[in-house]
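Peer 1: Compact mmCIF, C-alpha atoms, file protein.txt:
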```
# COMPACT_ATOMS: atom_id res chain seq x y z
CA MET A 5 85.93 88.75 48.81
CA ILE A 6 83.35 88.07 46.12
CA ILE A 7 80.17 86.15 47.03
CA THR A 8 79.14 84.01 44.09
CA ASN A 9 76.42 81.61 42.91
CA GLY A 10 73.48 82.91 44.89
CA LYS A 11 70.15 84.65 44.41
CA VAL A 12 70.49 88.15 45.88
CA VAL A 13 67.57 89.60 47.87
CA THR A 14 68.41 93.29 48.15
CA TRP A 15 65.56 94.53 50.42
CA GLU A 16 65.75 97.82 48.60
CA LEU A 17 62.52 99.77 48.32
CA PRO A 18 61.14 98.34 46.11
CA ASN A 19 62.81 95.03 46.75
CA ARG A 20 64.68 93.17 44.02
CA ILE A 21 65.82 89.57 43.64
CA LEU A 22 68.87 89.34 41.40
CA GLU A 23 69.93 86.08 39.76
CA GLY A 24 73.29 85.70 38.08
CA TYR A 25 74.76 88.51 40.21
CA ALA A 26 77.62 88.54 42.70
CA LEU A 27 78.61 90.82 45.59
CA ARG A 28 82.07 92.21 46.19
CA ILE A 29 82.94 92.95 49.83
CA VAL A 30 85.72 95.40 50.72
CA GLY A 31 86.40 95.86 54.41
CA THR A 32 83.07 96.08 56.24
CA LYS A 33 80.98 97.17 53.25
CA ILE A 34 79.46 95.99 50.02
CA ALA A 35 81.58 97.61 47.34
CA ASP A 36 79.72 96.39 44.27
CA ILE A 37 76.82 94.24 43.08
CA ALA A 38 77.08 93.29 39.43
CA PRO A 39 76.68 90.37 37.01
CA GLN A 40 78.88 87.58 38.32
CA ALA A 41 80.94 87.09 35.18
CA GLU A 42 81.71 90.80 35.13
CA LEU A 43 82.96 90.90 38.75
CA LEU A 44 85.04 87.73 38.40
CA GLU A 45 86.69 89.03 35.25
CA LYS A 46 87.44 92.38 36.88
CA TYR A 47 88.78 90.93 40.18
CA PRO A 48 90.20 87.47 39.33
CA GLN A 49 92.48 87.29 42.39
CA GLU A 50 89.87 88.03 45.06
CA GLU A 51 88.80 85.41 47.57
CA ARG A 52 85.48 83.79 46.71
CA LEU A 53 82.65 82.64 48.93
CA ASP A 54 80.29 80.26 47.13
CA ALA A 55 76.62 80.53 48.12
CA HIS A 56 75.76 77.26 46.34
CA SER A 57 72.47 78.56 44.86
CA GLN A 58 71.17 79.77 48.22
CA TYR A 59 69.39 83.07 48.80
CA ILE A 60 71.80 85.85 49.82
CA MET A 61 69.95 88.27 52.09
CA PRO A 62 70.60 91.06 54.59
CA GLY A 63 70.82 89.80 58.16
CA ASN A 64 67.74 90.22 60.33
CA ILE A 65 67.46 93.05 62.86
CA CYS A 66 65.90 92.93 66.34
CA ALA A 67 64.73 96.31 67.63
CA HIS A 68 64.26 95.33 71.29
CA THR A 69 65.54 92.38 73.32
CA HIS A 70 66.72 91.37 76.81
CA PHE A 71 69.85 89.21 76.91
CA TYR A 72 69.69 89.13 80.71
CA GLY A 73 66.55 86.95 80.65
CA ALA A 74 68.25 83.98 79.01
CA PHE A 75 68.57 81.95 82.22
CA ALA A 76 64.78 81.98 82.66
CA ARG A 77 64.50 79.21 80.06
CA GLY A 78 62.96 76.15 81.74
CA MET A 79 62.96 77.78 85.19
CA GLY A 80 59.94 77.13 87.39
CA ILE A 81 58.21 80.01 89.20
CA PRO A 82 57.47 78.99 92.83
CA GLY A 83 53.84 78.96 93.94
CA PRO A 84 50.71 79.57 91.87
CA ALA A 85 51.13 80.82 88.34
CA PRO A 86 51.14 84.64 88.08
CA LYS A 87 47.65 85.89 87.30
CA ASP A 88 48.67 89.04 85.40
CA PHE A 89 51.64 91.02 84.13
CA PRO A 90 52.41 92.84 87.43
CA GLU A 91 52.69 89.43 89.11
CA ILE A 92 54.92 88.16 86.29
CA LEU A 93 57.24 91.11 86.89
CA ALA A 94 57.30 90.58 90.65
CA LYS A 95 57.57 86.78 90.68
CA LEU A 96 59.84 86.24 87.68
CA TRP A 97 61.80 89.14 86.25
CA TRP A 98 62.34 91.24 89.37
CA SER A 99 63.65 88.19 91.21
CA LEU A 100 65.71 86.77 88.34
CA ASP A 101 67.53 90.00 87.51
CA LYS A 102 68.53 90.41 91.18
CA ALA A 103 70.05 86.92 91.13
CA LEU A 104 72.47 87.75 88.31
CA THR A 105 76.21 88.17 88.81
CA LEU A 106 78.56 89.76 86.28
CA ASP A 107 79.51 86.27 85.06
CA ASP A 108 75.82 85.49 84.59
CA VAL A 109 75.40 88.71 82.64
CA ARG A 110 78.21 87.80 80.25
CA TYR A 111 77.02 84.24 79.65
CA SER A 112 73.37 85.27 79.33
CA ALA A 113 74.51 87.50 76.49
CA LEU A 114 76.72 84.83 74.92
CA VAL A 115 73.98 82.20 74.69
CA CYS A 116 71.64 84.77 73.14
CA LEU A 117 74.31 85.74 70.64
CA ILE A 118 74.84 82.11 69.65
CA ASP A 119 71.11 81.96 68.96
CA ALA A 120 71.34 85.17 66.92
CA VAL A 121 74.30 84.12 64.77
CA LYS A 122 72.91 80.63 64.13
CA HIS A 123 69.55 82.01 63.06
CA GLY A 124 70.53 85.03 61.00
CA THR A 125 69.97 87.97 63.37
CA THR A 126 72.93 90.28 62.88
CA THR A 127 71.83 93.48 64.68
CA LEU A 128 70.19 93.68 68.12
CA ILE A 129 69.12 96.50 70.43
CA ASP A 130 69.35 95.26 74.02
CA HIS A 131 67.86 96.51 77.29
CA HIS A 132 69.75 95.22 80.34
CA ALA A 133 69.07 94.85 84.08
CA SER A 134 71.08 93.24 86.92
CA PRO A 135 70.40 95.24 90.13
CA ASN A 136 73.03 93.46 92.24
CA ALA A 137 75.67 93.69 89.51
CA ILE A 138 75.20 97.09 87.90
CA GLY A 139 78.67 98.61 87.66
CA GLY A 140 80.48 97.23 84.61
CA SER A 141 77.53 95.10 83.50
CA LEU A 142 77.30 96.76 80.09
CA THR A 143 81.02 96.18 79.58
CA GLU A 144 80.45 92.46 80.23
CA VAL A 145 77.72 92.42 77.58
CA ALA A 146 79.90 94.42 75.20
CA MET A 147 82.74 91.90 75.64
CA ALA A 148 80.34 89.11 74.66
CA VAL A 149 79.17 91.14 71.66
CA LYS A 150 82.72 91.72 70.47
CA GLU A 151 83.52 88.03 70.84
CA ALA A 152 80.48 87.09 68.78
CA GLY A 153 81.04 89.78 66.15
CA VAL A 154 77.44 90.96 65.84
CA ARG A 155 76.16 94.55 65.85
CA THR A 156 74.50 95.57 69.13
CA SER A 157 73.20 98.67 70.94
CA LEU A 158 73.16 98.47 74.75
CA CYS A 159 71.69 100.28 77.74
CA TYR A 160 71.03 99.74 81.46
CA GLU A 161 67.45 100.01 82.73
CA VAL A 162 67.20 102.68 85.43
CA THR A 163 64.52 101.97 88.04
CA ASP A 164 63.62 103.10 91.55
CA ARG A 165 62.62 99.65 92.73
CA GLU A 166 66.03 98.97 94.33
CA GLY A 167 66.27 102.22 96.27
CA GLU A 168 68.16 105.46 95.80
CA GLN A 169 71.60 103.89 95.43
CA GLY A 170 70.37 101.47 92.79
CA THR A 171 68.91 104.37 90.84
CA LYS A 172 72.15 106.31 91.02
CA ASP A 173 74.19 103.27 89.98
CA GLY A 174 71.91 102.64 86.98
CA ILE A 175 72.26 106.22 85.81
CA ALA A 176 76.03 106.06 86.28
CA GLU A 177 76.29 102.82 84.28
CA ASN A 178 74.44 104.35 81.35
CA VAL A 179 76.58 107.48 81.42
CA ARG A 180 79.81 105.48 81.72
CA PHE A 181 78.96 103.18 78.83
CA ILE A 182 77.69 105.96 76.56
CA ASP A 183 81.04 107.68 77.06
CA ALA A 184 82.97 104.42 76.50
CA VAL A 185 81.20 103.73 73.19
CA LYS A 186 82.51 107.01 71.79
CA SER A 187 85.99 105.48 71.57
CA ASP A 188 84.78 102.31 69.84
CA LYS A 189 85.53 102.54 66.12
CA SER A 190 84.16 99.15 65.05
CA GLY A 191 80.73 100.44 64.03
CA LYS A 192 79.26 97.42 65.81
CA LEU A 193 78.60 98.94 69.23
CA ALA A 194 76.15 101.69 70.15
CA ALA A 195 74.34 102.95 73.27
CA THR A 196 71.02 104.31 74.41
CA PHE A 197 70.01 105.51 77.91
CA GLY A 198 67.87 102.81 79.50
CA LEU A 199 64.78 103.36 81.63
CA HIS A 200 62.58 100.56 82.93
CA ALA A 201 59.07 102.03 82.75
CA SER A 202 57.12 104.99 84.07
CA LEU A 203 55.62 102.83 86.84
CA THR A 204 59.02 102.36 88.54
CA LEU A 205 60.35 105.87 87.96
CA SER A 206 59.72 108.92 90.16
CA GLU A 207 59.60 112.51 88.97
CA LYS A 208 62.98 113.06 90.59
CA THR A 209 64.53 110.11 88.75
CA LEU A 210 63.15 111.13 85.37
CA GLU A 211 64.59 114.61 85.90
CA ALA A 212 67.96 113.12 86.88
CA CYS A 213 68.02 110.87 83.82
CA ARG A 214 67.16 113.72 81.46
CA THR A 215 69.96 115.80 83.01
CA ALA A 216 72.49 112.95 82.80
CA CYS A 217 71.71 111.82 79.25
CA PRO A 218 73.68 113.55 76.47
CA ASN A 219 71.47 115.38 73.97
CA ASP A 220 72.67 113.23 71.07
CA VAL A 221 71.63 109.97 72.78
CA GLY A 222 68.08 108.67 72.98
CA PHE A 223 66.20 106.82 75.70
CA HIS A 224 65.01 103.20 75.57
CA VAL A 225 61.93 102.70 77.78
CA HIS A 226 58.96 100.34 78.19
CA VAL A 227 55.70 102.23 77.62
CA ALA A 228 52.16 101.16 78.64
CA GLU A 229 52.82 97.45 78.28
CA HIS A 230 49.97 96.87 80.77
CA PRO A 231 47.22 99.22 82.05
CA VAL A 232 49.00 99.37 85.42
CA ASP A 233 51.60 101.65 83.83
CA GLU A 234 48.93 104.13 82.75
CA TYR A 235 47.04 104.09 86.07
CA ASP A 236 50.27 104.50 88.02
CA SER A 237 51.15 107.56 85.96
CA LEU A 238 47.66 109.03 86.39
CA GLN A 239 47.88 108.54 90.13
CA LYS A 240 51.40 110.00 90.38
CA CYS A 241 50.93 113.12 88.32
CA GLY A 242 47.50 113.19 86.72
CA GLU A 243 48.67 112.42 83.20
CA ARG A 244 49.15 109.39 81.02
CA VAL A 245 52.53 107.73 80.46
CA VAL A 246 53.42 109.25 77.09
CA ASP A 247 52.35 112.73 78.25
CA ARG A 248 54.56 112.31 81.30
CA LEU A 249 57.58 111.17 79.30
CA GLN A 250 57.04 114.02 76.86
CA ARG A 251 56.99 116.56 79.70
CA HIS A 252 60.33 115.22 80.93
CA GLY A 253 61.96 115.37 77.50
CA ILE A 254 62.29 111.59 77.23
CA LEU A 255 60.62 111.25 73.84
CA GLY A 256 62.29 112.26 70.58
CA PRO A 257 63.71 111.06 67.26
CA ARG A 258 66.46 109.04 68.96
CA SER A 259 64.26 107.46 71.66
CA ILE A 260 62.59 104.04 71.62
CA ALA A 261 59.19 103.40 73.24
CA VAL A 262 58.71 99.66 73.74
CA HIS A 263 55.29 97.99 73.39
CA ALA A 264 52.86 100.97 73.61
CA VAL A 265 50.00 98.49 73.96
CA HIS A 266 47.65 100.66 76.06
CA VAL A 267 48.28 104.13 74.69
CA ASP A 268 45.32 106.28 73.68
CA VAL A 269 44.83 108.42 70.58
CA ARG A 270 46.48 111.49 72.08
CA GLU A 271 49.51 109.45 73.12
CA VAL A 272 49.81 108.14 69.56
CA GLU A 273 49.76 111.76 68.36
CA LEU A 274 52.55 112.66 70.82
CA LEU A 275 54.68 109.68 69.78
CA SER A 276 54.24 110.63 66.14
CA ALA A 277 54.88 114.35 66.62
CA SER A 278 58.02 113.67 68.66
CA GLN A 279 59.27 111.15 66.04
CA THR A 280 59.78 108.56 68.77
CA TRP A 281 60.37 105.00 67.57
CA VAL A 282 57.93 102.33 68.79
CA THR A 283 58.77 98.62 68.91
CA HIS A 284 56.27 95.79 68.69
CA GLN A 285 56.87 92.39 70.36
CA PRO A 286 53.83 90.17 69.67
CA ARG A 287 55.20 86.91 71.13
CA SER A 288 55.86 88.63 74.44
CA ASN A 289 52.50 90.41 74.43
CA MET A 290 50.75 87.07 73.92
CA ASN A 291 52.81 85.31 76.57
CA ASN A 292 52.13 88.03 79.16
CA ALA A 293 48.48 88.35 78.08
CA VAL A 294 48.74 92.14 78.03
CA GLY A 295 46.85 92.63 74.77
CA MET A 296 47.99 93.81 71.36
CA SER A 297 49.13 97.25 70.30
CA GLN A 298 47.93 98.75 67.02
CA PRO A 299 51.02 98.99 64.81
CA GLU A 300 49.00 99.38 61.61
CA ALA A 301 47.22 102.43 63.00
CA MET A 302 50.45 103.80 64.47
CA MET A 303 52.20 103.55 61.13
CA ARG A 304 49.25 105.33 59.50
CA ALA A 305 49.77 108.07 62.09
CA GLY A 306 53.38 108.46 60.98
CA ILE A 307 55.12 106.43 63.71
CA LYS A 308 58.04 104.26 62.64
CA VAL A 309 57.01 100.99 64.29
CA CYS A 310 59.79 98.39 64.49
CA LEU A 311 59.83 94.70 65.41
CA GLY A 312 61.63 93.29 68.44
CA ASN A 313 61.44 90.06 70.45
CA ASP A 314 61.54 91.21 74.12
CA GLY A 315 63.99 88.43 75.03
CA PHE A 316 62.29 85.61 73.16
CA SER A 317 64.51 83.63 70.80
CA ASN A 318 66.53 85.66 68.32
CA GLN A 319 64.82 83.82 65.47
CA MET A 320 63.20 86.92 64.05
CA TRP A 321 61.17 85.15 61.36
CA GLU A 322 59.21 83.61 64.25
CA GLU A 323 58.32 87.14 65.32
CA TRP A 324 57.25 87.93 61.75
CA LYS A 325 54.93 84.93 61.73
CA THR A 326 53.45 85.76 65.12
CA ALA A 327 52.78 89.36 64.10
CA TYR A 328 51.13 88.21 60.89
CA LEU A 329 48.83 85.76 62.69
CA ALA A 330 48.18 87.36 66.07
CA HIS A 331 46.60 90.54 64.74
CA LYS A 332 44.20 88.55 62.59
CA LEU A 333 43.00 86.66 65.66
CA TRP A 334 43.02 89.71 67.96
CA ASN A 335 40.92 91.73 65.51
CA HIS A 336 38.79 88.79 64.27
CA ASP A 337 39.73 89.85 60.75
CA PRO A 338 41.97 87.86 58.35
CA ARG A 339 42.69 91.05 56.40
CA ARG A 340 44.64 92.64 59.26
CA MET A 341 48.45 92.84 59.39
CA SER A 342 49.41 92.07 55.82
CA GLY A 343 52.79 90.68 54.90
CA THR A 344 53.77 94.09 53.59
CA ASP A 345 53.05 95.64 57.01
CA VAL A 346 55.24 93.01 58.67
CA VAL A 347 58.03 93.79 56.21
CA GLN A 348 57.62 97.52 56.83
CA MET A 349 58.29 96.95 60.53
CA ALA A 350 60.82 94.12 60.42
CA VAL A 351 62.86 95.18 57.39
CA TYR A 352 62.51 98.83 56.47
CA ASN A 353 61.78 100.45 59.85
CA ASN A 354 64.22 98.21 61.70
CA ALA A 355 66.89 99.11 59.14
CA LEU A 356 66.25 102.84 59.61
CA LEU A 357 66.55 102.45 63.38
CA ALA A 358 69.77 100.47 63.06
CA GLU A 359 71.26 103.02 60.69
CA GLN A 360 70.50 105.78 63.18
CA GLN A 361 71.92 103.81 66.11
CA PHE A 362 75.24 102.89 64.55
CA GLY A 363 75.87 105.76 62.14
CA VAL A 364 77.88 103.69 59.67
CA GLY A 365 75.65 104.04 56.61
CA PRO A 366 73.02 101.68 55.25
CA ILE A 367 72.25 98.56 57.30
CA GLY A 368 69.69 95.92 56.37
CA SER A 369 69.91 96.13 52.57
CA LEU A 370 72.27 94.75 49.95
CA VAL A 371 73.35 97.79 47.99
CA PRO A 372 76.77 99.31 47.26
CA GLY A 373 77.93 101.23 50.34
CA ALA A 374 75.84 99.20 52.80
CA GLU A 375 77.36 97.30 55.70
CA ALA A 376 78.05 93.70 54.69
CA ASP A 377 75.65 92.09 57.19
CA ILE A 378 74.63 89.06 55.15
CA ILE A 379 73.03 85.64 55.58
CA PHE A 380 72.68 82.66 53.26
CA VAL A 381 69.30 80.91 53.32
CA ASP A 382 68.96 77.35 52.01
CA TYR A 383 65.36 77.62 50.82
CA HIS A 384 64.01 75.69 47.85
CA PRO A 385 60.60 77.08 46.86
CA PHE A 386 58.21 74.75 45.08
CA THR A 387 56.16 77.71 43.87
CA GLU A 388 57.31 80.88 42.16
CA LEU A 389 59.24 83.23 44.43
CA THR A 390 59.37 86.89 43.40
CA ALA A 391 60.21 90.19 45.03
CA GLY A 392 56.47 90.76 45.35
CA ASN A 393 55.53 87.54 47.13
CA LEU A 394 58.71 87.06 49.19
CA PRO A 395 57.04 88.24 52.46
CA TRP A 396 54.58 85.33 52.27
CA HIS A 397 57.31 82.84 51.40
CA ILE A 398 59.14 83.96 54.55
CA ILE A 399 56.01 83.78 56.72
CA PHE A 400 54.82 80.41 55.43
CA GLY A 401 57.99 78.76 54.17
CA PHE A 402 61.18 80.08 55.74
CA HIS A 403 62.62 78.56 58.91
CA GLU A 404 65.62 79.67 60.95
CA SER A 405 67.31 76.30 60.44
CA MET A 406 67.66 77.27 56.78
CA VAL A 407 70.29 79.92 57.67
CA THR A 408 73.66 78.37 56.82
CA THR A 409 76.05 81.33 56.81
CA THR A 410 76.09 84.59 58.77
CA MET A 411 78.35 87.59 58.15
CA VAL A 412 78.51 90.96 59.94
CA GLY A 413 80.56 93.88 58.67
CA GLY A 414 82.31 91.64 56.14
CA LYS A 415 83.38 89.09 58.77
CA VAL A 416 82.02 85.54 58.54
CA LEU A 417 80.64 84.45 61.93
CA MET A 418 79.13 81.14 60.79
CA HIS A 419 79.83 79.18 57.62
CA ASP A 420 77.89 76.11 56.51
CA ARG A 421 76.20 76.05 59.94
CA GLN A 422 79.56 75.95 61.76
CA LEU A 423 80.08 78.77 64.25
CA ILE A 424 83.44 80.47 63.81
CA THR A 425 83.65 83.14 66.52
CA LEU A 426 81.80 81.37 69.35
CA ASP A 427 82.43 77.96 70.93
CA GLU A 428 78.86 76.78 71.51
CA GLU A 429 79.79 73.65 73.45
CA LYS A 430 82.05 75.50 75.88
CA ILE A 431 79.67 78.44 76.33
CA THR A 432 76.60 76.29 76.97
CA TYR A 433 78.59 74.12 79.42
CA GLU A 434 79.58 77.19 81.45
CA ALA A 435 76.08 78.66 81.18
CA ARG A 436 74.50 75.49 82.60
CA LYS A 437 76.79 75.68 85.63
CA LEU A 438 76.16 79.36 86.18
CA SER A 439 72.40 79.14 85.63
CA ALA A 440 72.08 76.39 88.25
CA GLU A 441 73.54 78.75 90.85
CA THR A 442 71.40 81.61 89.54
CA TRP A 443 68.27 79.48 90.02
CA LYS A 444 69.30 78.76 93.62
CA ARG A 445 69.64 82.48 94.33
CA TYR A 446 66.37 83.15 92.54
CA ASN A 447 64.47 80.52 94.56
CA ALA A 448 65.91 81.92 97.80
CA THR A 449 64.30 85.32 97.14
CA ALA A 450 61.34 84.68 94.83
```
Take the structure in the file and give it back as structure tokens.

Peer 2:
Amino acid sequence: MIITNGKVVTWELPNRILEGYALRIVGTKIADIAPQAELLEKYPQEERLDAHSQYIMPGNICAHTHFYGAFARGMGIPGPAPKDFPEILAKLWWSLDKALTLDDVRYSALVCLIDAVKHGTTTLIDHHASPNAIGGSLTEVAMAVKEAGVRTSLCYEVTDREGEQGTKDGIAENVRFIDAVKSDKSGKLAATFGLHASLTLSEKTLEACRTACPNDVGFHVHVAEHPVDEYDSLQKCGERVVDRLQRHGILGPRSIAVHAVHVDVREVELLSASQTWVTHQPRSNMNNAVGMSQPEAMMRAGIKVCLGNDGFSNQMWEEWKTAYLAHKLWNHDPRRMSGTDVVQMAVYNNALLAEQQFGVGPIGSLVPGAEADIIFVDYHPFTELTAGNLPWHIIFGFHESMVTTTMVGGKVLMHDRQLITLDEEKITYEARKLSAETWKRYNATA
């Protein structure tokens, strides 16, 4: 098809905004970007998709999320409010994930994917947990992903908190799914090897995971989200979390360290030297009151810091805005976290991570040869909008409701705000029934 009558935001480096241009899509990829009259004359018989003067942009990318947490929305935590992050884990997440069945896993993913498609997030890297429904859980998520049509990387979080058999089952689920993904030729499904966090992993388990994980697959692990993770590691083996993970061969150019809020200077050096990716989730950090990491300093140290949402809504521009504002408040300095730093994380670094994960060529930019992951944005600026000031238009002007059309790999998933691949009414009806039973199981054990 040829996409016509839009203003093309390429997110190249440097970025360009092209007016009077059209995009030609062949299969899953962008085949050409050229003046509209030229493309229409050259390919008069091709199907056309009219953007109606909207902005045509690459879809947003989320570098770390948790589909399994969807049923927590609106759920009350029994008793007094948790006083810190360890209590939040114990009272909320470690009770909710145990309440999930395989049906819950599938529908938790589906409602998150509806949110993603409706709001322009086309690539997501997920980190899953369901201790009483481990075997086949990643297949359930993958089925939801295929139904939605988005691009997603999956893993299962290995932890020792459910005993030896739970640990073994988590390792086995990662290994099984990593092997299964090898036969998937869609370019929309990838895998990492999931670990919860150092604080719930023994030396024996880390050794077992390193042995089980293929050398061409990276790990996806929470790192120093709260000081408890660091003090646990120091007590266990006399070294900090990143040092410990480095010793076990967990870090590396294909591995993702999530949060890294409480790492010290030496740990930053190790993350940089090992070329480990780091993801930043400011909405989650604020909600859990764990503090703020230092992504600006990390990027100066050579770390590719990406932007995730940690299971918050898949409206990634909200994460942009939070990152832009939160660091100013945290540092008492309005000069901190510029719009260009936000774009470096959310656009350029996220795109590099996605390209590595899926291995299908460029993702996250509109250039010939890139995957056709595209959104239309119905934004009408009342001040000049240029490639140079676009980050601030997004932060102060864009809203997820402005996304009208979403395409992944050349396939339209939503057009004029109408979902095509997912039946929102049916899915939310089933999810409400399932979540009510999940809440009952949660309240019985919380």

Peer 1: May I ask for the distance between CA of Gly10 (chain A) and CA of Ala55 (chain A), given in Å to one decimal place?

Peer 2: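 Going from CA of Gly10 (chain A) over to CA of Ala55 (chain A), I get 5.1 Å.
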
Peer 1: Quick one: of A:Ala76, A:Leu96, A:Ala376, A:Ala391, who's nearest to Phe316 (chain A), counting all atoms listed in the file?

Peer 2: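 Among the listed residues, the smallest separation from Phe316 (chain A) belongs to A:Ala76.
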
Peer 1: Identify the residues within 9 Å of coordinate (64.2, 90.7, 42.0) (same frame as the file), considering all atoms listed in the file, and give the answer as a list in words.

Peer 2: Lys11, Val12, Val13, Thr14, Asn19, Arg20, Ile21, Leu22, Glu23, Thr390, Ala391 and Gly392 of chain A

Peer 1: Go ahead and compute the interatomic distance for CA of Val272 (chain A) and CA of Ala201 (chain A), in Å to one decimal.

Peer 2: 17.2 Å

Peer 1: If you measure from CA of Asn291 (chain A) to CA of Asp233 (chain A), what distance in Å do you get, rounded to one decimal?

Peer 2: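 These two atoms are separated by 17.9 Å.
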
Peer 1: Could I get the residues of region 276-373 of chain A with an atom no further than 7 Å from an atom of region 61-71 of chain A, each paired with its nearest atom pair and that distance in Å to one decimal, using all atoms listed in the file, sorted by chain and residue number, as CSV?

Peer 2:
```
residue,atom,partner,partner_atom,distance
A:Thr283,CA,A:Ala67,CA,6.5
A:Cys310,CA,A:Ala67,CA,6.2
A:Leu311,CA,A:Ala67,CA,5.6
A:Gly312,CA,A:His68,CA,4.4
A:Asn313,CA,A:Thr69,CA,5.5
A:Asp314,CA,A:Thr69,CA,4.2
A:Gly315,CA,A:His70,CA,4.4
A:Met320,CA,A:Asn64,CA,6.7
A:Asn354,CA,A:Ile65,CA,6.2
A:Gly368,CA,A:Pro62,CA,5.3
A:Ser369,CA,A:Pro62,CA,5.5
A:Leu370,CA,A:Pro62,CA,6.2
```

Peer 1: Return as AutoDock Vina command-line options the box centre and box size in Å, one decimal, for an axis-aligned box around all listed atoms of region 332-336 of chain A padded by 5 Å per side.

Peer 2:
```
--center_x 41.5 --center_y 89.2 --center_z 65.3 --size_x 15.4 --size_y 15.1 --size_z 15.4
```

Peer 1: A:Lys208, A:Ser276, A:Val371, A:Gly124: which is nearest Phe402 (chain A), counting all atoms listed in the file?

Peer 2: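 Checking each of A:Lys208, A:Ser276, A:Val371, A:Gly124 against Phe402 (chain A), counting all atoms listed in the file, the winner is A:Gly124.
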
Peer 1: Taking (70.1, 106.7, 80.1) in the file's coordinates, which residues come within 12 Å, counting all atoms listed in the file, written as an MDAnalysis selection string?

Peer 2: chainID A and resid 131:132 158:163 171:183 195:200 209:225 254 258:260

Peer 1: Pick the closest to Thr408 (chain A) from A:Lys122, A:Lys325, A:Lys437, A:Lys308: which is it, counting all atoms listed in the file?

Peer 2: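 With all atoms listed in the file as the atom set, the closest residue is A:Lys122.
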
Peer 1: Could you check which of A:Tyr352, A:Tyr59, A:Phe362, A:Trp281 is closest to Val407 (chain A), using all atoms listed in the file?

Peer 2: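 Between A:Tyr352, A:Tyr59, A:Phe362, A:Trp281, the residue approaching Val407 (chain A) most closely is A:Tyr59.
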
Peer 1: Taking 3 positions as the minimum chain separation for residues in the same chain, which residues sit within 10 Å of Glu151 (chain A) when counting all atoms listed in the file? Answer as a list in words.

Peer 2: Leu114, Leu117, Val145, Ala146, Met147, Ala148, Val154, Thr425 and Leu426 of chain A

Peer 1: Between A:Glu388, A:Glu234, A:Glu375, A:Glu91, which residue has the minimum interatomic distance to Arg28 (chain A), considering all atoms listed in the file?

Peer 2: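 Closest to Arg28 (chain A) of all the choices is A:Glu375.
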
Peer 1: Could you list, with a cut-off of 10 Å and counting all atoms listed in the file, the residues of region 97-139 of chain A near region 355-360 of chain A, each shown with its nearest atom pair and the distance in Å rounded to one decimal, rows sorted by chain and ascending number, as CSV?

Peer 2:
```
residue,atom,partner,partner_atom,distance
A:Thr127,CA,A:Ala358,CA,7.5
A:Leu128,CA,A:Ala358,CA,8.5
A:Ile129,CA,A:Ala358,CA,8.4
```
